[in-house]
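Structure file run_18.cif; described as mmCIF, C-alpha atoms.
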```cif
data_work
loop_
_atom_site.label_atom_id
_atom_site.label_comp_id
_atom_site.auth_asym_id
_atom_site.auth_seq_id
_atom_site.Cartn_x
_atom_site.Cartn_y
_atom_site.Cartn_z
CA MET A 1 -56.58 23.82 19.40
CA SER A 2 -52.84 23.45 18.72
CA LYS A 3 -51.20 26.06 16.52
CA LYS A 4 -47.95 26.16 14.60
CA LEU A 5 -45.18 28.31 15.98
CA ARG A 6 -45.71 31.22 13.59
CA GLU A 7 -49.31 31.56 14.70
CA TYR A 8 -47.88 32.66 18.06
CA GLY A 9 -45.90 35.38 16.29
CA ILE A 10 -42.57 33.57 16.71
CA ILE A 11 -40.41 33.75 13.57
CA ILE A 12 -37.28 31.63 13.25
CA GLY A 13 -34.49 32.83 11.01
CA GLN A 14 -34.50 35.08 7.96
CA LEU A 15 -35.35 32.84 5.01
CA LEU A 16 -38.87 32.50 3.63
CA THR A 17 -40.85 29.32 4.28
CA GLY A 18 -42.54 27.23 1.64
CA THR A 19 -46.30 27.47 1.04
CA LYS A 20 -47.13 24.76 3.59
CA ASN A 21 -44.11 25.33 5.84
CA CYS A 22 -43.45 21.60 6.02
CA ILE A 23 -41.38 18.91 4.37
CA THR A 24 -44.00 18.31 1.68
CA ASP A 25 -43.12 21.69 0.19
CA VAL A 26 -40.38 19.68 -1.55
CA GLU A 27 -42.23 18.48 -4.63
CA GLY A 28 -43.03 14.77 -4.64
CA VAL A 29 -42.34 14.15 -0.95
CA GLN A 30 -45.17 12.35 0.86
CA ILE A 31 -45.77 11.65 4.56
CA GLY A 32 -47.98 8.99 6.15
CA HIS A 33 -48.85 8.32 9.80
CA VAL A 34 -50.35 5.46 11.77
CA THR A 35 -51.12 6.20 15.43
CA LEU A 36 -51.88 3.73 18.23
CA ASP A 37 -53.73 5.22 21.20
CA GLU A 38 -55.50 2.52 23.20
CA PRO A 39 -55.32 0.45 26.40
CA LEU A 40 -53.72 -2.96 26.04
CA ASN A 41 -55.20 -4.53 29.17
CA ASP A 42 -56.71 -3.61 32.54
CA GLN A 43 -53.30 -3.56 34.22
CA GLY A 44 -52.40 -0.05 33.08
CA ASP A 45 -50.53 -1.03 29.92
CA TYR A 46 -51.20 1.31 27.02
CA ALA A 47 -50.26 1.59 23.35
CA CYS A 48 -49.16 5.20 22.91
CA THR A 49 -46.99 4.95 19.83
CA GLY A 50 -47.04 4.82 16.04
CA VAL A 51 -45.29 4.82 12.69
CA THR A 52 -44.40 7.64 10.29
CA ALA A 53 -43.38 7.06 6.66
CA ILE A 54 -41.45 9.52 4.48
CA LEU A 55 -41.56 8.82 0.73
CA PRO A 56 -39.11 10.85 -1.39
CA HIS A 57 -41.23 10.69 -4.55
CA THR A 58 -44.39 9.12 -5.93
CA GLY A 59 -42.71 6.62 -8.25
CA ASN A 60 -41.05 3.26 -7.65
CA LEU A 61 -38.44 4.04 -5.00
CA PHE A 62 -36.35 0.94 -5.70
CA GLU A 63 -36.24 1.38 -9.47
CA GLN A 64 -35.71 5.14 -9.21
CA LYS A 65 -33.41 5.82 -6.26
CA VAL A 66 -32.54 9.26 -4.88
CA THR A 67 -29.23 10.64 -3.70
CA ALA A 68 -29.01 10.43 0.08
CA ALA A 69 -26.71 10.74 3.09
CA SER A 70 -26.83 10.46 6.86
CA TYR A 71 -24.94 12.02 9.72
CA VAL A 72 -24.69 10.93 13.35
CA LEU A 73 -24.50 13.75 15.91
CA ASN A 74 -24.61 11.25 18.80
CA GLY A 75 -24.87 7.53 18.17
CA PHE A 76 -27.02 6.24 21.06
CA GLY A 77 -29.58 4.88 18.57
CA LYS A 78 -30.83 1.73 16.90
CA THR A 79 -31.42 2.73 13.28
CA THR A 80 -31.21 0.37 10.31
CA GLY A 81 -29.81 0.92 6.84
CA LEU A 82 -27.56 3.95 7.35
CA VAL A 83 -24.31 2.09 6.67
CA GLN A 84 -25.36 1.36 3.08
CA VAL A 85 -26.84 4.83 2.59
CA ASN A 86 -23.46 6.38 3.35
CA GLU A 87 -21.53 3.78 1.37
CA LEU A 88 -23.53 4.08 -1.87
CA GLY A 89 -25.09 7.52 -1.41
CA VAL A 90 -28.60 6.48 -2.38
CA LEU A 91 -31.97 5.78 -0.80
CA GLU A 92 -34.18 3.07 -2.32
CA ALA A 93 -37.11 2.72 0.10
CA PRO A 94 -39.26 4.95 2.34
CA ILE A 95 -37.65 6.36 5.47
CA MET A 96 -39.60 4.95 8.41
CA LEU A 97 -39.83 6.25 11.98
CA THR A 98 -41.15 4.43 15.06
CA ASN A 99 -40.28 3.49 18.66
CA THR A 100 -37.12 1.63 19.63
CA PHE A 101 -38.55 -1.87 20.06
CA SER A 102 -40.65 -1.62 16.89
CA VAL A 103 -37.70 -1.25 14.50
CA PRO A 104 -37.82 -4.98 13.58
CA ALA A 105 -41.58 -4.96 12.91
CA VAL A 106 -41.43 -1.75 10.87
CA THR A 107 -38.44 -3.04 8.93
CA GLN A 108 -40.38 -6.23 8.15
CA GLY A 109 -43.49 -4.32 7.08
CA THR A 110 -41.53 -1.95 4.87
CA LEU A 111 -39.64 -4.86 3.33
CA GLN A 112 -42.93 -6.62 2.66
CA TYR A 113 -44.31 -3.50 0.93
CA MET A 114 -41.20 -3.17 -1.23
CA LEU A 115 -41.24 -6.87 -2.17
CA GLU A 116 -44.89 -6.66 -3.17
CA THR A 117 -44.22 -3.67 -5.41
CA ASN A 118 -40.91 -4.96 -6.87
CA GLU A 119 -40.95 -8.61 -7.98
CA ALA A 120 -37.30 -8.56 -9.00
CA ILE A 121 -35.87 -7.84 -5.53
CA GLY A 122 -33.98 -10.88 -4.22
CA GLN A 123 -34.85 -12.89 -7.30
CA THR A 124 -33.51 -11.42 -10.54
CA THR A 125 -31.67 -8.54 -8.90
CA GLY A 126 -30.05 -7.79 -5.53
CA THR A 127 -31.56 -7.21 -2.11
CA ILE A 128 -32.88 -3.92 -0.73
CA ASN A 129 -31.78 -1.53 2.00
CA ILE A 130 -34.53 -0.51 4.46
CA VAL A 131 -33.99 2.63 6.57
CA VAL A 132 -35.77 2.86 9.94
CA GLY A 133 -35.14 5.46 12.64
CA GLU A 134 -36.33 5.27 16.23
CA CYS A 135 -36.79 7.06 19.53
CA ASN A 136 -37.64 5.59 22.93
CA ASP A 137 -41.27 6.35 23.88
CA SER A 138 -41.39 4.14 26.99
CA ASN A 139 -42.43 7.00 29.30
CA LEU A 140 -45.89 6.93 27.75
CA ASN A 141 -45.94 3.72 25.73
CA SER A 142 -45.84 0.17 27.12
CA ILE A 143 -42.93 -0.51 24.83
CA ARG A 144 -42.35 -4.11 25.98
CA HIS A 145 -45.70 -5.13 24.46
CA CYS A 146 -44.40 -4.34 20.96
CA ALA A 147 -47.83 -3.22 19.80
CA ILE A 148 -46.60 -2.10 16.38
CA THR A 149 -46.92 -4.77 13.67
CA PRO A 150 -45.61 -4.96 10.09
CA ALA A 151 -49.13 -4.13 8.91
CA HIS A 152 -48.92 -0.74 10.64
CA ALA A 153 -45.78 0.09 8.65
CA MET A 154 -47.49 -0.85 5.40
CA LYS A 155 -50.56 1.21 6.32
CA ALA A 156 -48.38 4.26 7.03
CA ILE A 157 -46.79 3.96 3.59
CA HIS A 158 -50.14 3.50 1.84
CA SER A 159 -51.59 6.54 3.65
CA ALA A 160 -48.77 8.87 2.60
CA THR A 161 -49.82 12.19 1.07
CA ASN A 162 -48.20 15.44 -0.03
CA ASP A 163 -50.74 17.53 1.89
CA THR A 164 -49.77 19.72 4.84
CA ILE A 165 -48.86 17.10 7.41
CA ALA A 166 -50.29 16.54 10.86
CA GLU A 167 -47.74 17.25 13.60
CA GLY A 168 -47.28 16.75 17.32
CA ALA A 169 -48.52 13.62 19.08
CA ILE A 170 -49.19 11.64 15.93
CA GLY A 171 -47.63 8.70 14.13
CA ALA A 172 -44.19 7.86 15.50
CA GLY A 173 -44.46 11.01 17.64
CA LYS A 174 -47.47 9.84 19.67
CA GLY A 175 -45.49 8.86 22.78
CA MET A 176 -42.47 11.15 22.48
CA VAL A 177 -41.28 13.74 25.03
CA CYS A 178 -39.22 16.86 24.22
CA PHE A 179 -37.56 18.97 26.94
CA GLY A 180 -39.91 17.31 29.43
CA TYR A 181 -42.99 18.41 27.48
CA LYS A 182 -45.04 16.65 24.85
CA GLY A 183 -43.01 16.38 21.65
CA GLY A 184 -43.25 14.23 18.55
CA ILE A 185 -43.53 15.09 14.86
CA GLY A 186 -42.64 18.59 13.70
CA SER A 187 -41.88 20.07 10.31
CA SER A 188 -40.83 23.26 8.55
CA SER A 189 -39.40 24.41 5.22
CA ARG A 190 -37.28 27.15 3.67
CA ILE A 191 -36.86 28.62 0.21
CA VAL A 192 -33.34 29.37 -1.03
CA VAL A 193 -33.04 31.74 -4.00
CA ALA A 194 -30.04 31.00 -6.22
CA ASN A 195 -30.74 33.67 -8.84
CA GLU A 196 -33.68 35.39 -10.54
CA GLU A 197 -34.72 32.16 -12.24
CA ILE A 198 -33.77 29.39 -9.85
CA SER A 199 -34.78 28.64 -6.26
CA TYR A 200 -34.57 25.53 -4.12
CA THR A 201 -36.65 24.15 -1.24
CA ILE A 202 -35.38 22.63 2.00
CA GLY A 203 -37.91 20.66 4.03
CA CYS A 204 -37.34 19.21 7.49
CA LEU A 205 -39.28 16.67 9.55
CA VAL A 206 -38.26 15.75 13.10
CA LEU A 207 -39.19 13.09 15.60
CA SER A 208 -38.37 14.97 18.81
CA ASN A 209 -37.79 13.02 22.01
CA PHE A 210 -34.84 14.67 23.75
CA GLY A 211 -33.72 17.12 26.40
CA ARG A 212 -34.61 18.16 29.94
CA LYS A 213 -36.74 21.11 30.97
CA GLU A 214 -33.75 22.97 32.31
CA ASP A 215 -31.99 22.66 28.93
CA PHE A 216 -34.77 24.25 26.88
CA LEU A 217 -33.96 27.83 25.89
CA ALA A 218 -37.59 28.92 26.27
CA GLU A 219 -36.64 32.55 26.86
CA ARG A 220 -35.16 32.63 23.36
CA TYR A 221 -38.72 32.37 22.06
CA SER A 222 -40.35 34.64 24.66
CA ALA A 223 -42.22 31.58 25.87
CA LYS A 224 -43.78 31.08 29.27
CA THR A 225 -41.39 29.66 31.83
CA GLU A 226 -44.02 28.44 34.30
CA GLN A 227 -45.43 25.18 33.00
CA HIS A 228 -47.15 22.04 34.28
CA GLN A 229 -45.11 19.51 36.21
CA ASP A 230 -45.29 16.05 34.74
CA THR A 231 -45.55 12.62 36.33
CA VAL A 232 -42.66 11.02 34.41
CA ALA A 233 -38.94 11.25 35.03
CA PRO A 234 -36.91 12.89 32.24
CA THR A 235 -34.46 10.88 30.15
CA ASP A 236 -31.77 11.82 27.62
CA GLY A 237 -34.06 10.75 24.76
CA SER A 238 -33.29 11.10 21.06
CA ILE A 239 -34.17 12.93 17.85
CA ILE A 240 -34.38 11.78 14.27
CA ILE A 241 -34.12 14.61 11.74
CA VAL A 242 -35.11 14.01 8.10
CA LEU A 243 -34.07 16.67 5.59
CA ALA A 244 -35.41 16.77 2.03
CA THR A 245 -34.41 19.13 -0.76
CA ASP A 246 -34.72 19.58 -4.51
CA ALA A 247 -31.28 21.20 -4.76
CA PRO A 248 -28.90 19.24 -7.04
CA LEU A 249 -26.34 17.94 -4.57
CA SER A 250 -23.97 15.01 -4.49
CA SER A 251 -24.15 12.66 -1.51
CA ARG A 252 -21.05 14.32 -0.08
CA GLN A 253 -22.53 17.81 -0.51
CA LEU A 254 -25.80 16.62 0.99
CA GLN A 255 -23.96 15.39 4.06
CA ARG A 256 -22.37 18.82 4.43
CA VAL A 257 -25.86 20.37 4.38
CA ILE A 258 -27.45 17.96 6.85
CA LYS A 259 -24.62 18.47 9.34
CA ARG A 260 -26.03 21.98 9.80
CA CYS A 261 -29.25 20.49 11.19
CA GLY A 262 -27.24 20.07 14.38
CA ILE A 263 -26.99 23.86 14.62
CA GLY A 264 -30.77 24.17 14.66
CA LEU A 265 -30.97 21.43 17.28
CA GLY A 266 -28.38 23.17 19.43
CA ARG A 267 -30.19 26.50 19.23
CA THR A 268 -33.14 25.00 21.11
CA GLY A 269 -30.87 23.98 23.99
CA SER A 270 -29.73 20.45 23.15
CA HIS A 271 -26.12 19.47 23.78
CA PHE A 272 -26.46 15.97 22.24
CA SER A 273 -26.62 14.10 25.56
CA HIS A 274 -24.73 10.87 26.27
CA GLY A 275 -27.86 8.72 25.98
CA SER A 276 -29.41 10.57 23.06
CA GLY A 277 -29.52 9.16 19.53
CA ASP A 278 -29.28 12.35 17.45
CA ILE A 279 -29.30 11.27 13.82
CA VAL A 280 -29.92 13.12 10.54
CA ILE A 281 -31.01 11.48 7.28
CA GLY A 282 -31.13 13.58 4.12
CA PHE A 283 -32.07 13.13 0.47
CA THR A 284 -32.44 15.21 -2.67
CA THR A 285 -35.15 14.76 -5.30
CA ALA A 286 -33.20 16.74 -7.93
CA ARG A 287 -32.63 13.58 -9.96
CA THR A 288 -33.46 9.91 -9.76
CA ILE A 289 -30.94 7.15 -10.31
CA PRO A 290 -32.14 4.07 -12.23
CA HIS A 291 -31.61 0.76 -10.46
CA LYS A 292 -30.24 -0.84 -13.62
CA THR A 293 -28.63 0.56 -16.76
CA GLU A 294 -26.24 -0.63 -19.44
CA GLU A 295 -24.49 2.74 -19.59
CA LEU A 296 -20.84 2.98 -18.58
CA PHE A 297 -21.11 6.63 -17.54
CA GLU A 298 -23.76 8.75 -15.93
CA ALA A 299 -24.11 12.50 -16.15
CA ARG A 300 -25.31 14.62 -13.29
CA LYS A 301 -25.67 18.29 -12.51
CA GLN A 302 -24.68 19.56 -9.09
CA LEU A 303 -24.07 22.89 -7.44
CA ARG A 304 -20.62 24.39 -7.28
CA GLU A 305 -19.13 24.10 -3.84
CA ASP A 306 -18.07 27.75 -3.71
CA HIS A 307 -21.33 29.28 -4.93
CA PRO A 308 -23.06 31.50 -2.32
CA VAL A 309 -26.17 29.32 -2.57
CA MET A 310 -24.38 26.63 -0.53
CA ASN A 311 -24.22 28.93 2.48
CA GLN A 312 -27.92 29.64 2.07
CA LEU A 313 -28.64 25.91 2.06
CA PHE A 314 -26.62 25.56 5.28
CA ALA A 315 -28.66 28.35 6.87
CA ALA A 316 -31.92 26.82 5.59
CA ALA A 317 -31.08 23.45 7.17
CA ALA A 318 -30.40 25.08 10.54
CA GLU A 319 -33.49 27.30 10.45
CA ALA A 320 -35.88 24.58 9.29
CA THR A 321 -34.62 22.13 11.92
CA GLU A 322 -35.01 24.62 14.76
CA GLU A 323 -38.53 25.55 13.69
CA ALA A 324 -39.53 21.92 13.10
CA ILE A 325 -38.53 21.04 16.68
CA LEU A 326 -40.54 23.97 18.03
CA ASN A 327 -43.51 22.99 15.87
CA SER A 328 -43.36 19.49 17.38
CA LEU A 329 -43.85 21.18 20.77
CA ALA A 330 -46.40 23.74 19.61
CA GLN A 331 -48.57 21.16 17.82
CA ALA A 332 -48.48 18.48 20.52
CA LYS A 333 -51.32 17.97 22.97
CA THR A 334 -51.17 16.84 26.60
CA THR A 335 -51.03 13.05 26.49
CA ILE A 336 -51.84 10.34 29.02
CA GLY A 337 -50.17 6.97 28.52
CA ARG A 338 -49.23 3.85 30.41
CA ASN A 339 -50.06 3.65 34.12
CA GLY A 340 -51.58 7.13 33.89
CA HIS A 341 -48.27 8.79 33.05
CA THR A 342 -49.01 12.29 31.80
CA VAL A 343 -46.88 14.61 29.67
CA HIS A 344 -48.22 18.13 29.24
CA ALA A 345 -48.05 20.24 26.12
CA PHE A 346 -45.73 23.25 26.20
CA GLN A 347 -47.53 26.58 26.25
CA PHE A 348 -46.03 29.19 23.95
#
```

Let me see the file written as structure tokens.
Amino acid sequence: MSKKLREYGIIIGQLLTGTKNCITDVEGVQIGHVTLDEPLNDQGDYACTGVTAILPHTGNLFEQKVTAASYVLNGFGKTTGLVQVNELGVLEAPIMLTNTFSVPAVTQGTLQYMLETNEAIGQTTGTINIVVGECNDSNLNSIRHCAITPAHAMKAIHSATNDTIAEGAIGAGKGMVCFGYKGGIGSSSRIVVANEEISYTIGCLVLSNFGRKEDFLAERYSAKTEQHQDTVAPTDGSIIIVLATDAPLSSRQLQRVIKRCGIGLGRTGSHFSHGSGDIVIGFTTARTIPHKTEELFEARKQLREDHPVMNQLFAAAAEATEEAILNSLAQAKTTIGRNGHTVHAFQF
């Protein structure tokens, strides 16, 4: 049975984790998965893929937006919606993750869900910005068959929960490969103490699909260096990192925090390869922003830039990202996909 990294006695960083040590430690955040794991025909084609949905809160995401930002470490990716996120600094729909060729279907399904739950969109108010991130799972998944449908995206959203999330080869992570081993979904969290009365939570979820075996700094974690040899050729791959927090940050401050996720990624051995889409999306649940108001001004509370808590948030982002990536490896199981391609789990 797969175990999380800490069950192997491996501790990352110095900050405390949240109760569940996953992104849902940030109050209100919900995660949903849909996983496809089935043959498509008798010619060796196989659906080894899925969808993962990240909901910032349990209310109406369009009517009550959250402050958000994104940051591109390396832009070899096919995401949707990040231009508007960085322009306006808000998120107004679930963040969706899937494989590269399923971005259109997942965008359509998410749009359909948002239209069904918000009658005003495109009619009495403006349009909506859908955010979808992707990684290429074609080593294990018959990606040309485009097995993901809009209905799968809607099902992932409807199944979202704030429980401890399933990790590894599940949801969008089903067909992903990390450092030549089975990767996928991983998560972790950190608690940042501002003073005796106030603390904040940082939660991270990754879709890991990057790196070569020789890049992985396995010795850093006292991990075994002799592992199974796989039947698939390595590729540059990608990673999508989603960071959630309840710390009161502006969009600009949030971008400063999520940049530090790249430190956690680098600590595992990544150097942001040429063909790797390494992208971070972050949001804070500290306040919601109404879609429509008659007010001329809005008041908001945010942390001072020079307060020591900002450095702790930077450290938390790096630590949680590193551990989330390692949890995606630790939780994944050996997976067989298209044409019998096999990717083995890493043994800590």

Since I can't run it myself right now, could you work out what the PyMOL selection byres ((chain A and resi 33) around 6) selects here and report it as a list in words?
Gly32, Val34, Val51, Thr52, Ala156 and Gly171 of chain A

- request: Give as a VMD selection string the residues that the PyMOL selection byres ((chain A and resi 98-115) around 7) matches when applied to the coordinates above.
  value: chain A and resid 49 to 52 78 96 to 97 116 to 119 121 130 132 to 137 143 146 148 to 151 153 to 154 172

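If all atoms listed in the file are the atoms counted, then among A:Leu140, A:Cys261, A:Leu16, A:Val242 the closest residue to Gly175 in chain A is A:Leu140.
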
Spatial neighbours of Ser276 in chain A, max dist 8 Å, only C-alpha atoms, sep filter under 3 positions, as a list of chain:residue names: A:Asn74, A:Gly75, A:Phe76, A:Gly77, A:Phe210, A:Asp236, A:Gly237, A:Ser238, A:Ile239, A:Phe272, A:Ser273

Set the distance at 12 Å and use all atoms listed in the file: which residues neighbour Tyr8 in chain A once local chain neighbours fewer than 3 positions away are removed? I'd like the list as a compact mmCIF listing (two decimals) with C-alpha atoms, in the coordinates of the input.
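After the write, around_37.txt holds the following:
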```
# COMPACT_ATOMS: atom_id res chain seq x y z
CA SER A 2 -52.84 23.45 18.72
CA LYS A 3 -51.20 26.06 16.52
CA LYS A 4 -47.95 26.16 14.60
CA LEU A 5 -45.18 28.31 15.98
CA ILE A 11 -40.41 33.75 13.57
CA ILE A 12 -37.28 31.63 13.25
CA TYR A 221 -38.72 32.37 22.06
CA SER A 222 -40.35 34.64 24.66
CA ALA A 223 -42.22 31.58 25.87
CA LEU A 326 -40.54 23.97 18.03
CA ASN A 327 -43.51 22.99 15.87
CA ALA A 330 -46.40 23.74 19.61
CA GLN A 331 -48.57 21.16 17.82
CA GLN A 347 -47.53 26.58 26.25
CA PHE A 348 -46.03 29.19 23.95
```

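Of note, CA of His291 in chain A and CA of Ile95 in chain A are spaced 17.9 Å apart.
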
Pull out every residue that the PyMOL selection byres ((chain A and resi 299-311) around 9) matches in the shown coordinates and put them as a compact mmCIF listing (two decimals) with C-alpha atoms, in the coordinates of the input.
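Output file selection-v3.txt is given in full below:
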```
# COMPACT_ATOMS: atom_id res chain seq x y z
CA VAL A 192 -33.34 29.37 -1.03
CA VAL A 193 -33.04 31.74 -4.00
CA ALA A 194 -30.04 31.00 -6.22
CA ASN A 195 -30.74 33.67 -8.84
CA ALA A 247 -31.28 21.20 -4.76
CA PRO A 248 -28.90 19.24 -7.04
CA LEU A 249 -26.34 17.94 -4.57
CA SER A 250 -23.97 15.01 -4.49
CA GLN A 253 -22.53 17.81 -0.51
CA VAL A 257 -25.86 20.37 4.38
CA ALA A 286 -33.20 16.74 -7.93
CA ARG A 287 -32.63 13.58 -9.96
CA PHE A 297 -21.11 6.63 -17.54
CA GLU A 298 -23.76 8.75 -15.93
CA GLN A 312 -27.92 29.64 2.07
CA LEU A 313 -28.64 25.91 2.06
CA PHE A 314 -26.62 25.56 5.28
CA ALA A 315 -28.66 28.35 6.87
CA ALA A 316 -31.92 26.82 5.59
```

Atom pair CA of Thr161 in chain A + CA of Gln30 in chain A, distance 4.7 Å

Within 10 Å of (-31.1, 16.8, 27.0) (file coordinates; only C-alpha atoms), which protein or nucleic acid residues are there? I'd like them as a ChimeraX atom specification. /A:178-180,209-216,234-238,269-276

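With all atoms listed in the file as the atoms that count, the minimum distance from His341 in chain A to the choices A:Ile170, A:Ala318, A:Ala53, A:Val177 is reached by A:Val177.
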
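Straight-line separation from CA of Leu55 in chain A to CA of Glu295 in chain A: 27.2 Å.
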
Gly264 in chain A proximity check over A:Ile289, A:Ala345, A:Ala120, A:Ala324, using all atoms listed in the file: winner is A:Ala324

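When all atoms listed in the file are used to measure the gap to Ala147 in chain A, the shortest distance among A:Asp278, A:Asp45, A:Glu27, A:Glu63 belongs to A:Asp45.
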
Enclose range 181-193 of chain A, meaning all of its atoms listed in the file, in a box aligned along x, y and z, pad it by 4 Å on each side, and list the centre and edge lengths in Å to one decimal, as JSON.
```
{"center_x": -39.0, "center_y": 23.0, "center_z": 11.7, "size_x": 20.0, "size_y": 25.5, "size_z": 39.5}
```

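Near Gly184 in chain A, within 6 Å and counting all atoms listed in the file, sit A:Gly168, A:Ala169, A:Gly173, A:Met176, A:Leu207, A:Ser208, A:Ser328; same-chain residues fewer than 5 positions away were not included.
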
Generate the output file for the selected residues, C-alpha atoms, as a PDB file, in the frame of the given file.
```
ATOM      1  CA  GLY A 168     -47.280  16.750  17.320  1.00  0.00           C
ATOM      2  CA  ALA A 169     -48.520  13.620  19.080  1.00  0.00           C
ATOM      3  CA  GLY A 173     -44.460  11.010  17.640  1.00  0.00           C
ATOM      4  CA  MET A 176     -42.470  11.150  22.480  1.00  0.00           C
ATOM      5  CA  LEU A 207     -39.190  13.090  15.600  1.00  0.00           C
ATOM      6  CA  SER A 208     -38.370  14.970  18.810  1.00  0.00           C
ATOM      7  CA  SER A 328     -43.360  19.490  17.380  1.00  0.00           C
TER       8      SER A 328
END
```

Which residues are close to Ser142 in chain A, i.e. within 7 Å by only C-alpha atoms, leaving aside same-chain residues fewer than 2 positions away? Reply as a CSV table (one decimal) with C-alpha atoms, in the coordinates of the input.
```
chain,number,residue,atom,x,y,z
A,45,ASP,CA,-50.5,-1.0,29.9
A,46,TYR,CA,-51.2,1.3,27.0
A,47,ALA,CA,-50.3,1.6,23.4
A,138,SER,CA,-41.4,4.1,27.0
A,140,LEU,CA,-45.9,6.9,27.8
A,144,ARG,CA,-42.4,-4.1,26.0
A,145,HIS,CA,-45.7,-5.1,24.5
A,338,ARG,CA,-49.2,3.8,30.4
```

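Comparing the minimum interatomic distances between Ile241 in chain A and each of A:Gly59, A:Ile23, A:Asn339, A:Thr124, counting only C-alpha atoms, we find that A:Ile23 sits nearest.
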
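Distance annotation: of A:Ala320, A:Gly89, A:Leu36, A:Glu196, the residue with the minimal separation from Gln14 in chain A is A:Ala320; atom set is only C-alpha atoms.
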
Can range 46-58 of chain A be brought up to N, CA, C and O atoms and written out as a PDB file, keeping the file's coordinate frame?
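Written file, selection08.pdb:
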```pdb
ATOM      1  N   TYR A  46     -50.554   0.443  28.016  1.00  0.00           N
ATOM      2  CA  TYR A  46     -51.200   1.310  27.020  1.00  0.00           C
ATOM      3  C   TYR A  46     -50.317   1.419  25.780  1.00  0.00           C
ATOM      4  O   TYR A  46     -49.095   1.561  25.884  1.00  0.00           O
ATOM      5  N   ALA A  47     -50.952   1.357  24.623  1.00  0.00           N
ATOM      6  CA  ALA A  47     -50.260   1.590  23.350  1.00  0.00           C
ATOM      7  C   ALA A  47     -50.354   3.081  23.030  1.00  0.00           C
ATOM      8  O   ALA A  47     -51.420   3.588  22.696  1.00  0.00           O
ATOM      9  N   CYS A  48     -49.240   3.752  23.174  1.00  0.00           N
ATOM     10  CA  CYS A  48     -49.160   5.200  22.910  1.00  0.00           C
ATOM     11  C   CYS A  48     -47.958   5.400  21.993  1.00  0.00           C
ATOM     12  O   CYS A  48     -46.896   5.850  22.417  1.00  0.00           O
ATOM     13  N   THR A  49     -48.127   5.031  20.739  1.00  0.00           N
ATOM     14  CA  THR A  49     -46.990   4.950  19.830  1.00  0.00           C
ATOM     15  C   THR A  49     -47.486   5.016  18.389  1.00  0.00           C
ATOM     16  O   THR A  49     -48.654   5.284  18.133  1.00  0.00           O
ATOM     17  N   GLY A  50     -46.610   4.768  17.431  1.00  0.00           N
ATOM     18  CA  GLY A  50     -47.040   4.820  16.040  1.00  0.00           C
ATOM     19  C   GLY A  50     -45.904   4.665  15.056  1.00  0.00           C
ATOM     20  O   GLY A  50     -44.770   4.325  15.413  1.00  0.00           O
ATOM     21  N   VAL A  51     -46.231   4.927  13.796  1.00  0.00           N
ATOM     22  CA  VAL A  51     -45.290   4.820  12.690  1.00  0.00           C
ATOM     23  C   VAL A  51     -45.469   6.030  11.781  1.00  0.00           C
ATOM     24  O   VAL A  51     -46.600   6.473  11.543  1.00  0.00           O
ATOM     25  N   THR A  52     -44.358   6.569  11.289  1.00  0.00           N
ATOM     26  CA  THR A  52     -44.400   7.640  10.290  1.00  0.00           C
ATOM     27  C   THR A  52     -43.549   7.227   9.101  1.00  0.00           C
ATOM     28  O   THR A  52     -42.429   6.727   9.273  1.00  0.00           O
ATOM     29  N   ALA A  53     -44.075   7.415   7.904  1.00  0.00           N
ATOM     30  CA  ALA A  53     -43.380   7.060   6.660  1.00  0.00           C
ATOM     31  C   ALA A  53     -43.079   8.318   5.864  1.00  0.00           C
ATOM     32  O   ALA A  53     -43.941   9.196   5.726  1.00  0.00           O
ATOM     33  N   ILE A  54     -41.856   8.407   5.341  1.00  0.00           N
ATOM     34  CA  ILE A  54     -41.450   9.520   4.480  1.00  0.00           C
ATOM     35  C   ILE A  54     -41.070   8.947   3.125  1.00  0.00           C
ATOM     36  O   ILE A  54     -40.104   8.174   3.010  1.00  0.00           O
ATOM     37  N   LEU A  55     -41.823   9.299   2.086  1.00  0.00           N
ATOM     38  CA  LEU A  55     -41.560   8.820   0.730  1.00  0.00           C
ATOM     39  C   LEU A  55     -40.958   9.956  -0.093  1.00  0.00           C
ATOM     40  O   LEU A  55     -41.577  11.011  -0.242  1.00  0.00           O
ATOM     41  N   PRO A  56     -39.766   9.779  -0.651  1.00  0.00           N
ATOM     42  CA  PRO A  56     -39.110  10.850  -1.390  1.00  0.00           C
ATOM     43  C   PRO A  56     -39.811  11.267  -2.683  1.00  0.00           C
ATOM     44  O   PRO A  56     -39.711  12.419  -3.099  1.00  0.00           O
ATOM     45  N   HIS A  57     -40.479  10.334  -3.332  1.00  0.00           N
ATOM     46  CA  HIS A  57     -41.230  10.690  -4.550  1.00  0.00           C
ATOM     47  C   HIS A  57     -42.350   9.688  -4.746  1.00  0.00           C
ATOM     48  O   HIS A  57     -42.463   8.699  -4.004  1.00  0.00           O
ATOM     49  N   THR A  58     -43.182   9.927  -5.742  1.00  0.00           N
ATOM     50  CA  THR A  58     -44.390   9.120  -5.930  1.00  0.00           C
ATOM     51  C   THR A  58     -44.176   7.914  -6.829  1.00  0.00           C
ATOM     52  O   THR A  58     -45.101   7.133  -7.041  1.00  0.00           O
TER      53      THR A  58
END
```
